[in-house]
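K.L.:
Sharing coords_31.csv, CSV, C-alpha atoms:
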chain,number,residue,atom,x,y,z
A,1,MET,CA,11.0,0.0,-15.0
A,2,SER,CA,10.5,2.0,-18.3
A,3,TRP,CA,13.7,2.8,-20.0
A,4,SER,CA,12.1,4.7,-22.9
A,5,LYS,CA,10.3,7.4,-20.9
A,6,ASN,CA,13.4,8.0,-18.7
A,7,SER,CA,15.8,8.0,-21.7
A,8,ILE,CA,13.7,10.6,-23.6
A,9,LEU,CA,13.3,12.8,-20.5
A,10,LEU,CA,17.0,12.6,-19.6
A,11,GLY,CA,18.1,13.2,-23.2
A,12,VAL,CA,16.1,16.4,-23.6
A,13,LEU,CA,17.2,17.6,-20.1
A,14,LEU,CA,20.8,16.7,-20.9
A,15,PHE,CA,20.8,18.7,-24.1
A,16,CYS,CA,19.2,21.8,-22.6
A,17,CYS,CA,21.2,21.8,-19.4
A,18,SER,CA,24.6,21.3,-21.0
A,19,ILE,CA,24.1,24.2,-23.4
A,20,VAL,CA,22.9,26.6,-20.8
A,21,ILE,CA,25.5,25.6,-18.1
A,22,LYS,CA,28.4,25.9,-20.6
A,23,ALA,CA,27.0,29.3,-21.8
A,24,GLN,CA,26.7,30.5,-18.2
A,25,ASP,CA,30.3,29.5,-17.4
A,26,THR,CA,31.5,31.4,-20.5
A,27,LEU,CA,29.6,34.5,-19.7
A,28,SER,CA,30.5,34.5,-16.0
A,29,ALA,CA,34.2,33.8,-16.4
A,30,LYS,CA,35.1,37.1,-15.0
A,31,THR,CA,32.1,37.8,-12.8
A,32,PRO,CA,30.6,34.6,-11.2
A,33,GLU,CA,26.8,34.6,-11.1
A,34,PRO,CA,24.4,32.2,-9.4
A,35,SER,CA,23.7,29.1,-11.4
A,36,PRO,CA,20.3,29.0,-13.2
A,37,PHE,CA,20.1,25.4,-12.0
A,38,ARG,CA,18.8,24.5,-8.6
A,39,PHE,CA,19.6,21.2,-6.9
A,40,SER,CA,17.6,20.1,-3.9
A,41,VAL,CA,17.3,17.1,-1.6
A,42,LEU,CA,13.9,15.6,-1.5
A,43,THR,CA,12.9,13.6,1.6
A,44,CYS,CA,9.8,11.4,1.7
A,45,THR,CA,8.0,10.5,4.9
A,46,PRO,CA,7.6,6.8,5.8
A,47,GLY,CA,4.8,4.8,4.3
A,48,THR,CA,3.0,1.5,5.2
A,49,ASP,CA,4.7,-0.9,2.8
A,50,ALA,CA,7.5,-2.9,4.3
A,51,TYR,CA,10.2,-1.2,2.1
A,52,ALA,CA,8.6,2.3,2.7
A,53,HIS,CA,8.7,2.3,6.6
A,54,PHE,CA,11.9,4.2,6.7
A,55,GLY,CA,11.2,7.0,4.1
A,56,HIS,CA,13.2,7.9,1.0
A,57,THR,CA,15.7,10.4,-0.4
A,58,ALA,CA,16.1,11.7,-3.9
A,59,ILE,CA,17.9,14.6,-5.7
A,60,LEU,CA,15.9,17.2,-7.6
A,61,LEU,CA,17.3,19.2,-10.5
A,62,GLU,CA,15.3,22.3,-11.6
A,63,ASP,CA,16.2,24.3,-14.8
A,64,THR,CA,14.9,27.7,-14.0
A,65,ILE,CA,15.4,29.0,-17.5
A,66,ASN,CA,13.8,26.2,-19.6
A,67,LYS,CA,11.3,25.3,-16.8
A,68,ARG,CA,12.3,21.7,-16.8
A,69,ASN,CA,13.1,19.3,-13.9
A,70,ALA,CA,14.2,15.8,-13.1
A,71,VAL,CA,14.3,13.7,-9.9
A,72,PHE,CA,17.3,11.4,-9.6
A,73,ASN,CA,16.4,8.4,-7.6
A,74,TYR,CA,18.9,5.8,-6.2
A,75,GLY,CA,16.2,3.6,-4.7
A,76,CYS,CA,15.1,1.8,-7.9
A,77,PHE,CA,15.2,-1.9,-8.4
A,78,ASP,CA,13.7,-4.5,-10.8
A,79,ASP,CA,11.8,-7.1,-8.8
A,80,SER,CA,11.2,-9.1,-12.0
A,81,GLN,CA,14.9,-10.2,-12.0
A,82,LYS,CA,15.5,-13.9,-11.8
A,83,ASN,CA,15.6,-15.2,-8.2
A,84,PHE,CA,15.0,-11.6,-6.9
A,85,ILE,CA,13.9,-12.7,-3.4
A,86,LEU,CA,16.8,-15.1,-2.9
A,87,ASN,CA,19.3,-12.6,-4.2
A,88,PHE,CA,17.9,-9.9,-1.9
A,89,MET,CA,18.2,-12.1,1.1
A,90,ALA,CA,21.7,-13.0,0.1
A,91,GLY,CA,22.6,-9.3,-0.2
A,92,ASN,CA,23.2,-9.6,-4.0
A,93,THR,CA,20.6,-7.1,-5.1
A,94,ASN,CA,21.6,-4.4,-7.6
A,95,TYR,CA,19.8,-1.1,-7.1
A,96,LEU,CA,20.0,1.6,-9.8
A,97,LEU,CA,19.8,5.3,-10.4
A,98,GLU,CA,16.9,6.5,-12.5
A,99,ALA,CA,15.3,9.8,-13.4
A,100,GLU,CA,11.7,10.9,-13.6
A,101,SER,CA,9.8,14.2,-13.6
A,102,LEU,CA,9.0,16.0,-10.4
A,103,ASP,CA,5.2,15.8,-11.1
A,104,PHE,CA,5.3,12.1,-11.5
A,105,PHE,CA,7.5,11.6,-8.4
A,106,LEU,CA,5.0,13.7,-6.3
A,107,TRP,CA,2.1,11.9,-7.8
A,108,ARG,CA,3.5,8.5,-6.9
A,109,TYR,CA,4.0,9.4,-3.3
A,110,LYS,CA,0.6,11.2,-3.1
A,111,GLN,CA,-1.1,7.9,-4.0
A,112,THR,CA,0.3,6.4,-0.7
A,113,GLY,CA,-0.1,9.6,1.3
A,114,ASN,CA,3.6,10.3,1.8
A,115,GLY,CA,4.8,13.8,2.5
A,116,VAL,CA,7.7,15.3,0.5
A,117,THR,CA,10.1,18.0,1.8
A,118,ARG,CA,12.5,19.9,-0.5
A,119,GLN,CA,15.8,21.3,0.8
A,120,GLU,CA,17.5,23.5,-1.8
A,121,LEU,CA,21.3,23.3,-1.8
A,122,SER,CA,23.3,26.5,-1.9
A,123,LEU,CA,25.7,25.4,-4.7
A,124,THR,CA,27.9,27.6,-6.9
A,125,ALA,CA,27.6,27.4,-10.7
A,126,ASN,CA,30.8,25.3,-10.8
A,127,GLU,CA,29.4,22.9,-8.1
A,128,SER,CA,26.1,22.6,-9.9
A,129,GLN,CA,28.0,21.7,-13.1
A,130,GLN,CA,30.1,19.1,-11.2
A,131,LEU,CA,27.0,17.6,-9.6
A,132,TRP,CA,25.3,17.5,-13.0
A,133,ASP,CA,28.3,15.8,-14.6
A,134,LEU,CA,28.4,13.2,-11.8
A,135,LEU,CA,24.7,12.4,-12.2
A,136,VAL,CA,25.0,12.2,-16.0
A,137,TRP,CA,27.9,9.8,-15.7
A,138,ASN,CA,26.0,7.8,-13.0
A,139,MET,CA,23.0,7.5,-15.4
A,140,GLN,CA,25.0,5.8,-18.1
A,141,ARG,CA,23.9,2.2,-18.2
A,142,GLU,CA,27.3,0.8,-17.3
A,143,ASN,CA,27.5,3.0,-14.2
A,144,GLN,CA,23.8,2.9,-13.2
A,145,THR,CA,23.7,0.0,-10.8
A,146,TYR,CA,25.3,-0.5,-7.4
A,147,LEU,CA,25.2,-3.3,-4.8
A,148,TYR,CA,22.6,-2.3,-2.3
A,149,ASN,CA,23.5,-2.3,1.4
A,150,TRP,CA,20.7,-1.2,3.7
A,151,LEU,CA,23.0,0.2,6.4
A,152,TYR,CA,26.2,1.4,4.7
A,153,ASP,CA,25.3,2.1,1.1
A,154,ASN,CA,21.7,2.8,0.5
A,155,CYS,CA,19.8,5.3,-1.6
A,156,THR,CA,20.1,8.1,1.0
A,157,GLU,CA,23.8,7.6,1.5
A,158,ARG,CA,24.3,7.5,-2.3
A,159,ALA,CA,22.6,10.9,-2.7
A,160,ARG,CA,24.7,12.4,0.2
A,161,ASP,CA,27.9,11.1,-1.2
A,162,ILE,CA,27.5,12.4,-4.7
A,163,ILE,CA,26.5,15.8,-3.4
A,164,GLU,CA,29.6,16.0,-1.2
A,165,LYS,CA,31.8,14.8,-4.2
A,166,ALA,CA,30.5,17.8,-6.3
A,167,ILE,CA,31.3,20.4,-3.7
A,168,ASP,CA,34.5,22.5,-3.8
A,169,GLY,CA,35.4,22.2,-0.2
A,170,LYS,CA,34.1,20.1,2.7
A,171,VAL,CA,30.6,19.6,4.1
A,172,ILE,CA,30.5,19.9,7.9
A,173,TYR,CA,27.5,18.4,9.7
A,174,GLU,CA,27.1,20.4,12.9
A,175,ARG,CA,24.0,18.9,14.4
A,176,SER,CA,24.6,17.6,17.9
A,177,SER,CA,25.6,13.9,18.0
A,178,ILE,CA,23.0,11.6,19.5
A,179,SER,CA,24.3,8.2,20.8
A,180,LEU,CA,22.1,5.6,19.1
A,181,THR,CA,22.3,2.1,17.8
A,182,ALA,CA,21.0,1.1,14.4
A,183,ARG,CA,18.4,-1.2,16.2
A,184,GLU,CA,17.1,1.7,18.2
A,185,MET,CA,16.7,3.8,15.1
A,186,LEU,CA,14.9,1.0,13.3
A,187,HIS,CA,12.6,0.4,16.3
A,188,GLU,CA,11.6,4.1,16.2
A,189,LYS,CA,10.3,3.7,12.7
A,190,LEU,CA,8.5,0.4,13.4
A,191,VAL,CA,6.4,1.4,16.5
A,192,ASN,CA,3.2,0.6,14.6
A,193,ALA,CA,4.6,-2.4,12.8
A,194,PRO,CA,5.3,-5.0,15.6
A,195,TRP,CA,5.5,-8.0,13.3
A,196,LEU,CA,8.0,-6.3,11.0
A,197,GLN,CA,10.0,-5.2,14.0
A,198,PHE,CA,9.9,-8.8,15.4
A,199,GLY,CA,11.1,-10.2,12.1
A,200,ILE,CA,14.0,-7.7,11.8
A,201,ASP,CA,15.0,-8.4,15.4
A,202,ILE,CA,15.1,-12.2,14.6
A,203,ILE,CA,17.5,-11.9,11.7
A,204,LEU,CA,19.8,-9.0,12.7
A,205,GLY,CA,22.5,-9.6,15.2
A,206,SER,CA,24.9,-7.8,17.6
A,207,GLU,CA,26.5,-5.5,14.9
A,208,ILE,CA,23.5,-3.2,15.1
A,209,ASP,CA,23.5,-3.0,18.9
A,210,LYS,CA,26.6,-0.8,19.1
A,211,PRO,CA,26.3,3.0,19.0
A,212,ILE,CA,27.0,4.2,15.5
A,213,GLU,CA,28.6,7.5,14.4
A,214,LYS,CA,26.7,10.4,13.0
A,215,ARG,CA,27.6,9.6,9.4
A,216,ILE,CA,26.2,6.1,9.5
A,217,GLN,CA,23.1,7.4,11.3
A,218,MET,CA,22.3,9.1,8.0
A,219,PHE,CA,21.3,5.8,6.5
A,220,LEU,CA,17.7,6.9,7.5
A,221,PRO,CA,16.3,9.6,5.3
A,222,ASP,CA,14.9,11.8,8.1
A,223,PHE,CA,18.2,11.7,10.0
A,224,TYR,CA,20.0,13.0,6.9
A,225,GLU,CA,17.3,15.6,6.4
A,226,ALA,CA,17.8,16.8,10.0
A,227,GLU,CA,21.6,16.9,9.5
A,228,LEU,CA,21.2,19.1,6.4
A,229,THR,CA,19.4,21.8,8.3
A,230,LYS,CA,22.6,22.7,10.2
A,231,ALA,CA,25.2,21.6,7.8
A,232,TYR,CA,27.5,24.1,6.1
A,233,ILE,CA,30.2,24.1,3.4
A,234,VAL,CA,33.8,25.3,4.0
A,235,ASP,CA,35.1,26.0,0.5
A,236,THR,CA,38.7,25.8,-0.7
A,237,ASN,CA,39.2,29.5,0.4
A,238,GLY,CA,38.0,28.8,3.9
A,239,VAL,CA,34.7,30.6,3.3
A,240,ARG,CA,31.8,29.1,5.1
A,241,ARG,CA,28.2,29.0,3.8
A,242,PRO,CA,25.1,27.0,4.7
A,243,LEU,CA,24.6,23.8,2.7
A,244,VAL,CA,20.8,24.4,2.5
A,245,SER,CA,19.5,27.8,1.5
A,246,GLU,CA,15.7,27.1,1.6
A,247,THR,CA,13.3,24.5,2.9
A,248,GLU,CA,9.9,23.8,1.5
A,249,ILE,CA,7.2,21.3,2.3
A,250,MET,CA,6.0,20.2,-1.1
A,251,GLN,CA,3.5,17.7,0.0
A,252,GLU,CA,2.0,17.0,3.4
A,253,PRO,CA,1.6,13.4,4.6
A,254,THR,CA,-2.0,12.1,4.8
A,255,GLU,CA,-3.8,9.3,6.7
A,256,LEU,CA,-2.9,6.9,3.9
A,257,SER,CA,0.7,6.8,5.1
A,258,ARG,CA,-0.1,6.3,8.8
A,259,GLU,CA,-0.1,2.7,9.8
A,260,VAL,CA,-2.4,1.5,12.5
A,261,ALA,CA,-0.8,-1.0,14.8
A,262,SER,CA,-2.3,-4.5,14.7
A,263,PRO,CA,-4.0,-5.5,18.0
A,264,ILE,CA,-2.6,-9.0,17.5
A,265,THR,CA,1.1,-8.6,18.3
A,266,PRO,CA,3.9,-11.2,18.4
A,267,THR,CA,3.7,-11.0,22.2
A,268,ILE,CA,0.1,-12.0,22.4
A,269,VAL,CA,0.5,-14.8,19.9
A,270,PHE,CA,3.5,-16.4,21.6
A,271,LEU,CA,2.0,-16.0,25.1
A,272,PHE,CA,-1.0,-18.0,23.8
A,273,ILE,CA,1.3,-20.6,22.3
A,274,LEU,CA,3.2,-20.8,25.6
A,275,GLY,CA,0.0,-21.2,27.6
A,276,LEU,CA,-1.2,-23.9,25.2
A,277,VAL,CA,2.1,-25.9,25.4
A,278,ILE,CA,2.0,-25.7,29.3
A,279,CYS,CA,-1.6,-27.1,29.3
A,280,LEU,CA,-0.9,-29.9,26.8
A,281,SER,CA,2.3,-30.8,28.7
A,282,ILE,CA,0.4,-31.2,32.0
A,283,ILE,CA,-2.1,-33.4,30.2
A,284,ASP,CA,0.8,-35.4,28.7
A,285,ILE,CA,2.2,-36.1,32.2
A,286,ILE,CA,-1.2,-37.0,33.6
A,287,ARG,CA,-2.1,-39.4,30.8
A,288,LYS,CA,1.5,-40.7,30.3
A,289,LYS,CA,1.4,-40.1,26.6
A,290,LEU,CA,3.0,-37.5,24.4
A,291,PHE,CA,1.2,-35.2,22.0
A,292,ILE,CA,3.9,-36.2,19.4
A,293,TRP,CA,2.5,-33.9,16.7
A,294,LEU,CA,2.9,-30.9,19.0
A,295,ASP,CA,6.6,-31.7,19.3
A,296,ILE,CA,6.9,-32.2,15.6
A,297,LEU,CA,5.2,-28.9,14.9
A,298,LEU,CA,7.4,-27.0,17.4
A,299,LEU,CA,10.6,-28.6,16.2
A,300,THR,CA,9.6,-27.9,12.5
A,301,SER,CA,9.0,-24.3,13.3
A,302,GLN,CA,12.3,-24.1,15.2
A,303,GLY,CA,14.1,-25.6,12.2
A,304,ILE,CA,12.4,-23.5,9.6
A,305,THR,CA,13.3,-20.3,11.6
A,306,GLY,CA,16.8,-21.8,11.8
A,307,ILE,CA,17.0,-22.1,8.0
A,308,VAL,CA,16.4,-18.4,7.7
A,309,VAL,CA,18.7,-17.4,10.5
A,310,ALA,CA,21.5,-19.8,9.6
A,311,GLY,CA,21.1,-19.1,5.9
A,312,LEU,CA,21.6,-15.4,6.4
A,313,PHE,CA,24.3,-16.0,9.0
A,314,PHE,CA,26.5,-18.1,6.6
A,315,PHE,CA,25.6,-16.9,3.1
A,316,SER,CA,24.3,-13.3,3.1
A,317,LYS,CA,26.3,-10.2,2.5
A,318,HIS,CA,23.8,-8.0,4.4
A,319,PRO,CA,25.3,-6.3,7.5
A,320,ALA,CA,24.5,-7.6,11.0
A,321,VAL,CA,23.1,-11.0,9.9
A,322,ASP,CA,26.5,-12.7,10.5
A,323,SER,CA,26.7,-11.6,14.1
A,324,ASN,CA,23.3,-13.1,15.1
A,325,TRP,CA,23.5,-15.3,18.3
A,326,MET,CA,20.0,-16.6,17.5
A,327,VAL,CA,21.8,-19.2,15.3
A,328,ILE,CA,22.7,-21.2,18.5
A,329,ALA,CA,19.1,-22.1,19.3
A,330,PHE,CA,17.5,-21.8,15.9
A,331,ASN,CA,19.2,-23.8,13.1
A,332,PRO,CA,18.2,-26.4,10.5
A,333,LEU,CA,19.3,-29.3,12.6
A,334,PHE,CA,16.0,-29.2,14.6
A,335,LEU,CA,14.1,-29.7,11.3
A,336,ILE,CA,16.1,-32.9,10.8
A,337,TYR,CA,15.2,-34.0,14.3
A,338,ALA,CA,11.5,-33.3,13.5
A,339,ILE,CA,11.7,-35.5,10.4
A,340,PHE,CA,13.4,-38.2,12.5
A,341,LEU,CA,10.5,-38.1,15.0
A,342,ILE,CA,7.9,-38.4,12.1
A,343,TYR,CA,9.7,-41.4,10.7
A,344,ASN,CA,10.0,-43.2,14.1
A,345,TRP,CA,6.9,-42.1,16.0
A,346,LYS,CA,5.0,-45.4,15.4
A,347,THR,CA,8.0,-47.7,16.0
A,348,ASN,CA,10.3,-48.5,18.9
A,349,LYS,CA,13.3,-47.6,16.8
A,350,GLY,CA,15.6,-44.7,17.6
A,351,GLU,CA,14.8,-44.5,21.3
A,352,MET,CA,18.4,-44.2,22.3
A,353,TRP,CA,19.1,-41.6,19.7
A,354,LYS,CA,16.1,-39.6,20.8
A,355,LYS,CA,17.4,-39.5,24.4
A,356,ARG,CA,20.8,-38.3,23.2
A,357,ILE,CA,19.4,-35.7,20.9
A,358,GLU,CA,17.0,-34.4,23.5
A,359,THR,CA,19.9,-34.1,26.0
A,360,VAL,CA,21.9,-32.1,23.4
A,361,ASN,CA,18.8,-30.0,22.6
A,362,LEU,CA,18.4,-29.2,26.3
A,363,ALA,CA,22.1,-28.2,26.6
A,364,VAL,CA,21.8,-25.9,23.5
A,365,LEU,CA,18.7,-24.2,24.9
A,366,LEU,CA,20.3,-23.7,28.3
A,367,VAL,CA,23.4,-22.2,26.7
A,368,PHE,CA,21.2,-19.8,24.7
A,369,CYS,CA,19.4,-18.8,27.9
A,370,VAL,CA,22.8,-17.7,29.2
A,371,VAL,CA,23.4,-15.8,26.0
A,372,LEU,CA,20.1,-14.0,26.4
A,373,PHE,CA,21.5,-12.3,29.6
A,374,LEU,CA,24.8,-11.3,28.1
A,375,PRO,CA,25.2,-7.7,26.9
A,376,TYR,CA,26.4,-8.6,23.4
A,377,GLN,CA,23.1,-8.6,21.6
A,378,TRP,CA,19.6,-7.2,22.2
A,379,PHE,CA,16.9,-9.8,21.8
A,380,HIS,CA,13.2,-9.2,21.2
A,381,PRO,CA,11.2,-10.0,24.3
A,382,VAL,CA,9.2,-12.6,22.4
A,383,VAL,CA,12.4,-14.6,22.0
A,384,ASN,CA,12.3,-15.3,25.7
A,385,LEU,CA,8.8,-16.8,25.3
A,386,MET,CA,9.9,-18.8,22.3
A,387,VAL,CA,12.9,-20.3,24.2
A,388,LEU,CA,10.8,-21.0,27.3
A,389,THR,CA,8.2,-22.8,25.2
A,390,LEU,CA,10.9,-25.0,23.6
A,391,LEU,CA,12.5,-25.6,27.0
A,392,ILE,CA,9.3,-26.8,28.6
A,393,ARG,CA,8.6,-29.2,25.7
A,394,CYS,CA,12.1,-30.5,25.7
A,395,PHE,CA,12.0,-31.2,29.4
A,396,VAL,CA,8.7,-33.0,29.1
A,397,ARG,CA,10.1,-35.3,26.4
A,398,LEU,CA,13.2,-36.0,28.6
A,399,VAL,CA,10.9,-36.9,31.5
A,400,PHE,CA,9.2,-39.5,29.2
A,401,TYR,CA,12.4,-40.9,27.8
A,402,TYR,CA,14.4,-41.1,31.1
A,403,LYS,CA,12.0,-41.3,34.0
A,404,LEU,CA,8.6,-42.6,33.0
A,405,ARG,CA,10.2,-45.1,30.4
A,406,ILE,CA,7.2,-44.7,28.1
A,407,THR,CA,7.7,-47.0,25.2
A,408,ARG,CA,6.0,-46.9,21.8
A,409,LYS,CA,4.0,-49.9,22.8
A,410,THR,CA,2.5,-48.0,25.8
A,411,GLU,CA,1.8,-45.0,23.5
A,412,LYS,CA,-0.2,-47.3,21.2
A,413,GLU,CA,-2.3,-48.5,24.2
Show the structure stored in the file as structure tokens.

P.N.:
Amino acid sequence: MSWSKNSILLGVLLFCCSIVIKAQDTLSAKTPEPSPFRFSVLTCTPGTDAYAHFGHTAILLEDTINKRNAVFNYGCFDDSQKNFILNFMAGNTNYLLEAESLDFFLWRYKQTGNGVTRQELSLTANESQQLWDLLVWNMQRENQTYLYNWLYDNCTERARDIIEKAIDGKVIYERSSISLTAREMLHEKLVNAPWLQFGIDIILGSEIDKPIEKRIQMFLPDFYEAELTKAYIVDTNGVRRPLVSETEIMQEPTELSREVASPITPTIVFLFILGLVICLSIIDIIRKKLFIWLDILLLTSQGITGIVVAGLFFFSKHPAVDSNWMVIAFNPLFLIYAIFLIYNWKTNKGEMWKKRIETVNLAVLLVFCVVLFLPYQWFHPVVNLMVLTLLIRCFVRLVFYYKLRITRKTEKE
């Protein structure tokens, strides 16, 4: 982030705007006139980067007298911060408000093919002044950052809230309510990103499977944009006026922002893994010898997935990660078991412990199978394939440990 460019731009704009707005208020004390300043909501269409799949919202200020403008953007972050990835996963990432010129803003999104729509707000001179004052206060370094929350306090909701705070009256969103869950809304944006959708479904739990109210649905930029089209203001005198006075498409989206779905989907990959495990398990039973490295690989994968799921479940501030029932079958304990197998696979040690652990493993997987059919959380269909794969392999190991009585000596032969 460049502080110098933004500071110079904001300083010049601050000086010009404050003088003209104060003069306007003095001249129009008896006869109110429209403000020479126009505020608009800018909505950017989704892109192909992981963080850009859901679009973006910003606030545009245009000084029609001095022909200056600034785009206020609540979606900025510094990825060079120490431990940025860990902090982001833990929900401790600070986002900040920054300002840039409209030309630069449009140029940035043109490079990735994103479209930009402008919705001009029908604010009075006093409301424009109040919104400006709020943005100026928010741009001060001590007020510039906020703790980002993807569902309840993101860049779109920040823009909405500060606009509402500046209005003399109340904003009414009159668009018909649609019963949706946050997961359904996310899936709609990830149709052509099956791996990203799969990853999100793995880490987010039952909290996002309940229908959310209209206001929370505005966490997605295009939902907020749609709400603005029919929203209106009821001022302190009870007078009603539309919130948006004009809509303009400033930039059309291009092919660069349209993601092509990968032909290799999670379903295809995990179906292949399931088929491979079934074939190798049959061979194991025929030859009476385990492919021990297959078990170690599966348990390691199960444990690593568990580290992510359990880590978010217990330590992250992000919404929905602490209501994830996946933590039952995917937790770090399976990684410990994989290490135990590696340590003992060439010896006769630990046979009794392996039997006990496998019995517990089977019980855990069966309990999770019951959870899959409960209405509390929606699971990605691939999760069924993952659990079935683990169940088959767990059952095969139990057959060896309890029925066939295969010892390590026999395995060496």

K.L.:
Which residues, written as a VMD selection string, have at least one atom at most 12 Å from Tyr402 in chain A, with all atoms listed in the file counted and residues fewer than 5 positions away on the same chain left out?

P.N.:
chain A and resid 351 to 352 354 to 356 358 to 359 395 to 397 407

K.L.:
Given only C-alpha atoms as the basis, pick out the residue of A:Tyr337, A:Phe104, A:Tyr173, A:Trp353 nearest to Lys214 in chain A.

P.N.:
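Under the stated criterion, the closest residue is A:Tyr173.
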
K.L.:
Under the rule that all atoms listed in the file are counted, which of A:Pro263, A:Gly91, A:Pro319, A:Gly306 is the nearest residue to Ala193 in chain A?

P.N.:
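Once distances to Ala193 in chain A are computed over all atoms listed in the file, the minimum belongs to A:Pro263.
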
K.L.:
Mind pulling up the distance from CA of Leu366 in chain A to CA of Ile296 in chain A?

P.N.:
20.3 Å

K.L.:
One number please: CA of Thr236 in chain A to CA of Glu120 in chain A, in Å, one decimal.

P.N.:
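Result for CA of Thr236 in chain A versus CA of Glu120 in chain A: 21.4 Å, one decimal.
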
K.L.:
Rank A:Ile392, A:Leu134, A:Ile357, A:Leu180 by their smallest atom-to-atom distance to Leu280 in chain A, using all atoms listed in the file, and report the top residue only.

P.N.:
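When distances to Leu280 in chain A are compared using all atoms listed in the file, the smallest one comes from A:Ile392.
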
K.L.:
Would you mind listing what lies within 12 Å of Asn384 in chain A as a PyMOL selection string, with only C-alpha atoms counted and same-chain residues fewer than 4 positions away left out?

P.N.:
chain A and resi 202+266-267+270-271+274+326+329+365-366+368-373+378-380+388-391

K.L.:
Suppose you want the space between CA of Asn83 in chain A and CA of Phe315 in chain A; what is it in Å?

P.N.:
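We find that CA of Asn83 in chain A and CA of Phe315 in chain A lie 15.2 Å from each other.
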
K.L.:
Would you mind listing, for every residue of range 207-265 of chain A within 12 Å of range 37-40 of chain A, the two atoms forming the shortest contact and the distance between them in Å to one decimal, using only C-alpha atoms, sorted by chain and ascending residue number, as CSV?

P.N.:
residue,atom,partner,partner_atom,distance
A:Glu225,CA,A:Ser40,CA,11.2
A:Leu228,CA,A:Ser40,CA,11.0
A:Leu243,CA,A:Ser40,CA,10.3
A:Val244,CA,A:Ser40,CA,8.3
A:Ser245,CA,A:Ser40,CA,9.6
A:Glu246,CA,A:Ser40,CA,9.1
A:Thr247,CA,A:Ser40,CA,9.2
A:Glu248,CA,A:Ser40,CA,10.1
A:Met250,CA,A:Ser40,CA,11.9

K.L.:
With 6 Å as the cut-off and all atoms listed in the file counted, what is the closest atom pair between each nearby residue of range 29-106 of chain A and range 147-152 of chain A? Distances in Å to one decimal, ordered by chain and number, as a tab-separated table.

P.N.:
residue	atom	partner	partner_atom	distance
A:Thr93	CA	A:Tyr148	CA	5.9
A:Asn94	CA	A:Leu147	CA	4.7
A:Tyr95	CA	A:Tyr148	CA	5.7

K.L.:
Could you tell me which of A:Val239, A:Ile328, A:Ala231, A:Leu385 comes closest to Ile278 in chain A if we count all atoms listed in the file?

P.N.:
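Of A:Val239, A:Ile328, A:Ala231, A:Leu385, the one nearest Ile278 in chain A is A:Leu385, counting all atoms listed in the file.
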
K.L.:
Counting only C-alpha atoms, which residue out of A:Ile233, A:Leu96, A:Ile203, A:Ala90 sits closest to Glu127 in chain A?

P.N.:
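Nearest to Glu127 in chain A: A:Ile233.
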
K.L.:
Could you list, as an MDAnalysis selection string, every residue within 12 Å of Glu213 in chain A, counting all atoms listed in the file and ignoring same-chain residues fewer than 5 positions away?

P.N.:
chainID A and resid 152 173 176:182 208 218:219

K.L.:
Could I see range 385-395 of chain A restored to N, CA and C atoms, set down as a short mmCIF file (atom, residue, chain, number, x, y, z; two decimals), keeping the file's coordinate frame?

P.N.:
data_model
loop_
_atom_site.label_atom_id
_atom_site.label_comp_id
_atom_site.auth_asym_id
_atom_site.auth_seq_id
_atom_site.Cartn_x
_atom_site.Cartn_y
_atom_site.Cartn_z
N LEU A 385 9.95 -15.88 25.26
CA LEU A 385 8.80 -16.80 25.30
C LEU A 385 9.01 -17.97 24.37
N MET A 386 9.65 -17.75 23.23
CA MET A 386 9.90 -18.80 22.30
C MET A 386 10.83 -19.89 22.96
N VAL A 387 11.90 -19.41 23.59
CA VAL A 387 12.90 -20.30 24.20
C VAL A 387 12.23 -21.05 25.39
N LEU A 388 11.42 -20.34 26.18
CA LEU A 388 10.80 -21.00 27.30
C LEU A 388 9.81 -22.07 26.84
N THR A 389 9.09 -21.84 25.76
CA THR A 389 8.20 -22.80 25.20
C THR A 389 8.98 -24.08 24.76
N LEU A 390 10.08 -23.87 24.07
CA LEU A 390 10.90 -25.00 23.60
C LEU A 390 11.51 -25.74 24.78
N LEU A 391 11.93 -25.01 25.80
CA LEU A 391 12.50 -25.60 27.00
C LEU A 391 11.52 -26.54 27.70
N ILE A 392 10.32 -26.04 27.89
CA ILE A 392 9.30 -26.80 28.60
C ILE A 392 9.02 -28.12 27.84
N ARG A 393 8.90 -28.00 26.52
CA ARG A 393 8.60 -29.20 25.70
C ARG A 393 9.75 -30.18 25.72
N CYS A 394 10.95 -29.65 25.65
CA CYS A 394 12.10 -30.50 25.70
C CYS A 394 12.23 -31.25 27.02
N PHE A 395 11.95 -30.55 28.10
CA PHE A 395 12.00 -31.20 29.40
C PHE A 395 10.95 -32.26 29.56
#
